[in-house]
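Working notes, structure below.
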Amino acid sequence: MKQSHANNKSLTWAMCVSMFLWGLSWPSGKVLTNYCSAINFTVYRYLFVMAAMFVILPLAGVRFKIKKTGIPLVLASGVLLAVYSYLFFVGIKKGSAGAGGVLVTTLNPIMAYAIGMLLKRSLPSRKESLGLVLGLLAGLILLKVWDNKALLEGGNIYFLFASFTWAAMSKFTSKGALHGSSMSFSLWQYLLTLLCLLPLSNFSEMQAAIHITDHLFWLNLLFGSVIVTAMATTVYFYTTTRLGAEKASSFIFLVPFAAALSSAIFLGEKIMTHTVIGGLLGIAAVYFINKKKKPELLISTEE
């Protein structure tokens, strides 16, 4: 029991770091939009991700192979990740990128819980319910809903569909470890996502990118690919297999505040009062959703 508790504690810290890296990817991605379109930026990212994964897996002693029974899950999660990316791009193009960042990160955990509770035909616990309410409140404050009349107008509706898609995808990735390593599962998921997105990319722009010599472009691209996706996102997918899609998704409540903090540090953007309040509520949401019940911590080790 102590070993299990220690493992969950390690996962919690790993997820907090991963969510900060996700938040840091927002200002990093903003830098990259000066060089290429959003869709091409993501295609570049997954190309580098695949290269990184083919190096990381052998170093970690992980085989590329997954069981045949896991192929349908890989196909479903890979296609859903591609659909999520596409919906997010359309939302950014037709809606508000700032609103999208908060909408998606706020709604992902709520959607994941809704799907999970529907499938299990059960309701969240009191602490989980409190955490979800705090997370929703955090998102509303971060969005300044009292002064944001166009919140769900235009392309912002695409972010709602994107959140549902991510939540559904998380349910598939949560079963990945049953059919092989989580890392190998992620590898094939990323490959399928890349293949789905390639037809949407601009190949002329991709050829032009090869000749870009600005170090900021390559540093941010490598960061988004290797650190954020190949490592942090893979940690997220692994956590879904250990804690479940619902609890793993709850950590996404940390991303908006991490994005605002990193934008202030690296882009000089000002942190507003409502951002701090919303960020603290997001942290509280993660705490309550993942807080263990006291009886569980007192269970005897006799098994």
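So you can find residues: chains in the structure tokens are A, B, ... in the order shown, residues in each start at 1, and ligands are numbered from 1 in order.
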Every residue of region 51-247 of chain A that DSSP places in alpha helix (DSSP H), as a PDB file with C-alpha atoms, in the first residue's frame:
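Contents of result02.pdb, as written:
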ATOM      1  CA  ALA A  51      12.055  11.070 -34.358  1.00  0.00           C
ATOM      2  CA  ALA A  52      12.363  11.621 -30.592  1.00  0.00           C
ATOM      3  CA  MET A  53      10.183   8.622 -29.713  1.00  0.00           C
ATOM      4  CA  PHE A  54      12.239   6.308 -31.942  1.00  0.00           C
ATOM      5  CA  VAL A  55      15.275   7.349 -29.874  1.00  0.00           C
ATOM      6  CA  ILE A  56      13.632   7.436 -26.418  1.00  0.00           C
ATOM      7  CA  LEU A  57      11.954   4.012 -26.538  1.00  0.00           C
ATOM      8  CA  PRO A  58      15.139   1.968 -27.217  1.00  0.00           C
ATOM      9  CA  LEU A  59      17.020   3.973 -24.556  1.00  0.00           C
ATOM     10  CA  ILE A  71      -4.730  -1.766 -32.559  1.00  0.00           C
ATOM     11  CA  PRO A  72      -8.386  -0.598 -32.491  1.00  0.00           C
ATOM     12  CA  LEU A  73      -7.565   1.597 -29.465  1.00  0.00           C
ATOM     13  CA  VAL A  74      -4.537   3.087 -31.250  1.00  0.00           C
ATOM     14  CA  LEU A  75      -6.635   3.809 -34.329  1.00  0.00           C
ATOM     15  CA  ALA A  76      -9.402   5.423 -32.288  1.00  0.00           C
ATOM     16  CA  SER A  77      -7.090   7.532 -30.105  1.00  0.00           C
ATOM     17  CA  GLY A  78      -4.879   8.572 -33.041  1.00  0.00           C
ATOM     18  CA  VAL A  79      -7.824   9.707 -35.167  1.00  0.00           C
ATOM     19  CA  LEU A  80      -9.427  11.500 -32.204  1.00  0.00           C
ATOM     20  CA  LEU A  81      -6.156  13.317 -31.445  1.00  0.00           C
ATOM     21  CA  ALA A  82      -6.038  14.440 -35.095  1.00  0.00           C
ATOM     22  CA  VAL A  83      -9.691  15.555 -34.967  1.00  0.00           C
ATOM     23  CA  TYR A  84      -8.989  17.430 -31.734  1.00  0.00           C
ATOM     24  CA  SER A  85      -6.044  19.203 -33.370  1.00  0.00           C
ATOM     25  CA  TYR A  86      -8.121  20.108 -36.430  1.00  0.00           C
ATOM     26  CA  LEU A  87     -11.008  21.477 -34.357  1.00  0.00           C
ATOM     27  CA  PHE A  88      -8.577  23.474 -32.270  1.00  0.00           C
ATOM     28  CA  PHE A  89      -6.995  24.973 -35.408  1.00  0.00           C
ATOM     29  CA  VAL A  90     -10.387  25.950 -36.834  1.00  0.00           C
ATOM     30  CA  GLY A  91     -11.307  27.476 -33.485  1.00  0.00           C
ATOM     31  CA  ILE A  92      -8.117  29.536 -33.410  1.00  0.00           C
ATOM     32  CA  LYS A  93      -8.720  30.678 -36.998  1.00  0.00           C
ATOM     33  CA  LYS A  94     -12.385  31.609 -36.576  1.00  0.00           C
ATOM     34  CA  ALA A  97      -7.086  31.956 -29.409  1.00  0.00           C
ATOM     35  CA  GLY A  98      -7.009  33.281 -25.842  1.00  0.00           C
ATOM     36  CA  ALA A  99     -10.531  32.100 -25.096  1.00  0.00           C
ATOM     37  CA  GLY A 100      -9.783  28.780 -26.741  1.00  0.00           C
ATOM     38  CA  GLY A 101      -6.820  28.108 -24.489  1.00  0.00           C
ATOM     39  CA  VAL A 102      -8.933  28.575 -21.377  1.00  0.00           C
ATOM     40  CA  LEU A 103     -12.105  26.970 -22.734  1.00  0.00           C
ATOM     41  CA  VAL A 104     -10.354  23.773 -23.783  1.00  0.00           C
ATOM     42  CA  THR A 105      -8.290  23.405 -20.606  1.00  0.00           C
ATOM     43  CA  THR A 106     -11.342  24.082 -18.429  1.00  0.00           C
ATOM     44  CA  LEU A 107     -13.784  21.877 -20.291  1.00  0.00           C
ATOM     45  CA  ASN A 108     -11.462  18.892 -20.917  1.00  0.00           C
ATOM     46  CA  PRO A 109     -11.595  17.635 -17.299  1.00  0.00           C
ATOM     47  CA  ILE A 110     -15.330  18.318 -17.000  1.00  0.00           C
ATOM     48  CA  MET A 111     -16.060  16.491 -20.265  1.00  0.00           C
ATOM     49  CA  ALA A 112     -13.826  13.577 -19.176  1.00  0.00           C
ATOM     50  CA  TYR A 113     -15.715  13.248 -15.904  1.00  0.00           C
ATOM     51  CA  ALA A 114     -19.072  13.503 -17.665  1.00  0.00           C
ATOM     52  CA  ILE A 115     -18.172  10.685 -20.075  1.00  0.00           C
ATOM     53  CA  GLY A 116     -16.658   8.590 -17.283  1.00  0.00           C
ATOM     54  CA  MET A 117     -19.658   8.965 -14.987  1.00  0.00           C
ATOM     55  CA  LEU A 118     -22.021   8.204 -17.859  1.00  0.00           C
ATOM     56  CA  LEU A 119     -20.172   4.996 -18.736  1.00  0.00           C
ATOM     57  CA  LYS A 120     -19.885   3.931 -15.097  1.00  0.00           C
ATOM     58  CA  ARG A 126     -18.251  15.148  -2.880  1.00  0.00           C
ATOM     59  CA  LYS A 127     -14.591  16.122  -3.169  1.00  0.00           C
ATOM     60  CA  GLU A 128     -14.568  15.433  -6.889  1.00  0.00           C
ATOM     61  CA  SER A 129     -17.753  17.478  -7.320  1.00  0.00           C
ATOM     62  CA  LEU A 130     -16.225  20.335  -5.323  1.00  0.00           C
ATOM     63  CA  GLY A 131     -13.084  20.141  -7.455  1.00  0.00           C
ATOM     64  CA  LEU A 132     -15.078  20.222 -10.696  1.00  0.00           C
ATOM     65  CA  VAL A 133     -17.079  23.230  -9.512  1.00  0.00           C
ATOM     66  CA  LEU A 134     -13.872  25.024  -8.518  1.00  0.00           C
ATOM     67  CA  GLY A 135     -12.327  24.158 -11.895  1.00  0.00           C
ATOM     68  CA  LEU A 136     -15.347  25.511 -13.768  1.00  0.00           C
ATOM     69  CA  LEU A 137     -15.313  28.643 -11.606  1.00  0.00           C
ATOM     70  CA  ALA A 138     -11.589  29.039 -12.307  1.00  0.00           C
ATOM     71  CA  GLY A 139     -12.251  28.912 -16.048  1.00  0.00           C
ATOM     72  CA  LEU A 140     -15.076  31.442 -15.837  1.00  0.00           C
ATOM     73  CA  ILE A 141     -12.870  33.853 -13.890  1.00  0.00           C
ATOM     74  CA  LEU A 142      -9.928  33.362 -16.265  1.00  0.00           C
ATOM     75  CA  ILE A 157     -17.894  26.807 -30.470  1.00  0.00           C
ATOM     76  CA  TYR A 158     -15.238  24.602 -32.081  1.00  0.00           C
ATOM     77  CA  PHE A 159     -13.392  24.560 -28.776  1.00  0.00           C
ATOM     78  CA  LEU A 160     -16.388  22.867 -27.153  1.00  0.00           C
ATOM     79  CA  PHE A 161     -16.244  20.048 -29.707  1.00  0.00           C
ATOM     80  CA  ALA A 162     -12.459  19.888 -29.280  1.00  0.00           C
ATOM     81  CA  SER A 163     -12.869  19.387 -25.519  1.00  0.00           C
ATOM     82  CA  PHE A 164     -15.325  16.547 -26.016  1.00  0.00           C
ATOM     83  CA  THR A 165     -12.962  14.918 -28.521  1.00  0.00           C
ATOM     84  CA  TRP A 166     -10.022  15.131 -26.100  1.00  0.00           C
ATOM     85  CA  ALA A 167     -12.107  13.638 -23.282  1.00  0.00           C
ATOM     86  CA  ALA A 168     -13.202  10.745 -25.511  1.00  0.00           C
ATOM     87  CA  MET A 169      -9.610  10.175 -26.631  1.00  0.00           C
ATOM     88  CA  SER A 170      -8.439  10.036 -23.006  1.00  0.00           C
ATOM     89  CA  LYS A 171     -10.782   7.115 -22.371  1.00  0.00           C
ATOM     90  CA  PHE A 172      -9.053   5.149 -25.144  1.00  0.00           C
ATOM     91  CA  THR A 173      -5.520   6.026 -23.997  1.00  0.00           C
ATOM     92  CA  SER A 182       2.113   3.165 -22.683  1.00  0.00           C
ATOM     93  CA  MET A 183       5.090   4.661 -24.511  1.00  0.00           C
ATOM     94  CA  SER A 184       4.786   2.308 -27.488  1.00  0.00           C
ATOM     95  CA  PHE A 185       1.042   2.942 -27.549  1.00  0.00           C
ATOM     96  CA  SER A 186       1.723   6.698 -27.666  1.00  0.00           C
ATOM     97  CA  LEU A 187       4.269   6.227 -30.453  1.00  0.00           C
ATOM     98  CA  TRP A 188       1.746   4.620 -32.796  1.00  0.00           C
ATOM     99  CA  GLN A 189      -0.947   7.049 -31.722  1.00  0.00           C
ATOM    100  CA  TYR A 190       1.280  10.008 -32.654  1.00  0.00           C
ATOM    101  CA  LEU A 191       2.179   8.378 -35.982  1.00  0.00           C
ATOM    102  CA  LEU A 192      -1.479   7.955 -36.916  1.00  0.00           C
ATOM    103  CA  THR A 193      -2.214  11.536 -35.863  1.00  0.00           C
ATOM    104  CA  LEU A 194       0.617  12.759 -38.086  1.00  0.00           C
ATOM    105  CA  LEU A 195      -0.677  10.768 -41.063  1.00  0.00           C
ATOM    106  CA  CYS A 196      -4.152  12.250 -40.571  1.00  0.00           C
ATOM    107  CA  LEU A 197      -2.831  15.824 -40.400  1.00  0.00           C
ATOM    108  CA  PHE A 203       3.916  21.476 -48.393  1.00  0.00           C
ATOM    109  CA  SER A 204       5.371  24.652 -49.921  1.00  0.00           C
ATOM    110  CA  GLU A 205       5.539  26.171 -46.454  1.00  0.00           C
ATOM    111  CA  MET A 206       7.098  22.985 -45.129  1.00  0.00           C
ATOM    112  CA  GLN A 207       9.857  23.160 -47.741  1.00  0.00           C
ATOM    113  CA  ALA A 208      10.476  26.807 -46.912  1.00  0.00           C
ATOM    114  CA  ALA A 209      10.819  25.960 -43.201  1.00  0.00           C
ATOM    115  CA  HIS A 215      17.511  29.729 -33.722  1.00  0.00           C
ATOM    116  CA  LEU A 216      14.283  30.765 -31.975  1.00  0.00           C
ATOM    117  CA  PHE A 217      12.266  28.768 -34.502  1.00  0.00           C
ATOM    118  CA  TRP A 218      14.261  25.574 -34.030  1.00  0.00           C
ATOM    119  CA  LEU A 219      14.581  25.883 -30.242  1.00  0.00           C
ATOM    120  CA  ASN A 220      10.844  26.370 -29.776  1.00  0.00           C
ATOM    121  CA  LEU A 221      10.028  23.627 -32.274  1.00  0.00           C
ATOM    122  CA  LEU A 222      12.333  21.177 -30.482  1.00  0.00           C
ATOM    123  CA  THR A 234       3.286  10.872 -22.966  1.00  0.00           C
ATOM    124  CA  VAL A 235       3.392  11.253 -19.164  1.00  0.00           C
ATOM    125  CA  TYR A 236      -0.228  12.413 -19.331  1.00  0.00           C
ATOM    126  CA  PHE A 237      -1.257   9.392 -21.411  1.00  0.00           C
ATOM    127  CA  TYR A 238       0.621   7.096 -19.014  1.00  0.00           C
ATOM    128  CA  THR A 239      -1.151   8.696 -16.055  1.00  0.00           C
ATOM    129  CA  THR A 240      -4.532   7.984 -17.635  1.00  0.00           C
ATOM    130  CA  THR A 241      -3.655   4.290 -17.456  1.00  0.00           C
ATOM    131  CA  ARG A 242      -2.819   4.550 -13.737  1.00  0.00           C
ATOM    132  CA  LEU A 243      -5.310   7.068 -12.353  1.00  0.00           C
ATOM    133  CA  ALA A 245      -8.950   9.457 -17.672  1.00  0.00           C
ATOM    134  CA  GLU A 246     -11.042  11.512 -15.237  1.00  0.00           C
ATOM    135  CA  LYS A 247      -8.436  12.167 -12.544  1.00  0.00           C
TER     136      LYS A 247
END
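Between Ala259 (chain A) and the residues A:Leu24, A:Leu178, A:Val31, A:Met19, the shortest atom-to-atom distance, using only C-alpha atoms, involves A:Leu24.
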Can you work out the spacing between CA of Ser28 (chain A) and CA of Ser174 (chain A) in Å, to one decimal?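 One can read the CA of Ser28 (chain A) to CA of Ser174 (chain A) distance as 28.0 Å.
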Computed gap from CA of Thr273 (chain A) to CA of Phe20 (chain A) is 19.6 Å
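Pairwise distance (CA of Ala248 (chain A), CA of His179 (chain A)) equals 19.4 Å.
Distance annotation: of A:Ala284, A:Asn8, A:Thr69, A:Ser201, the residue with the minimal separation from Ala38 (chain A) is A:Ser201; atom set is only C-alpha atoms.
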Judged by only C-alpha atoms, the minimum distance to Ser225 (chain A) among A:Leu21, A:Cys16, A:Val49, A:Val62 is found for A:Val49
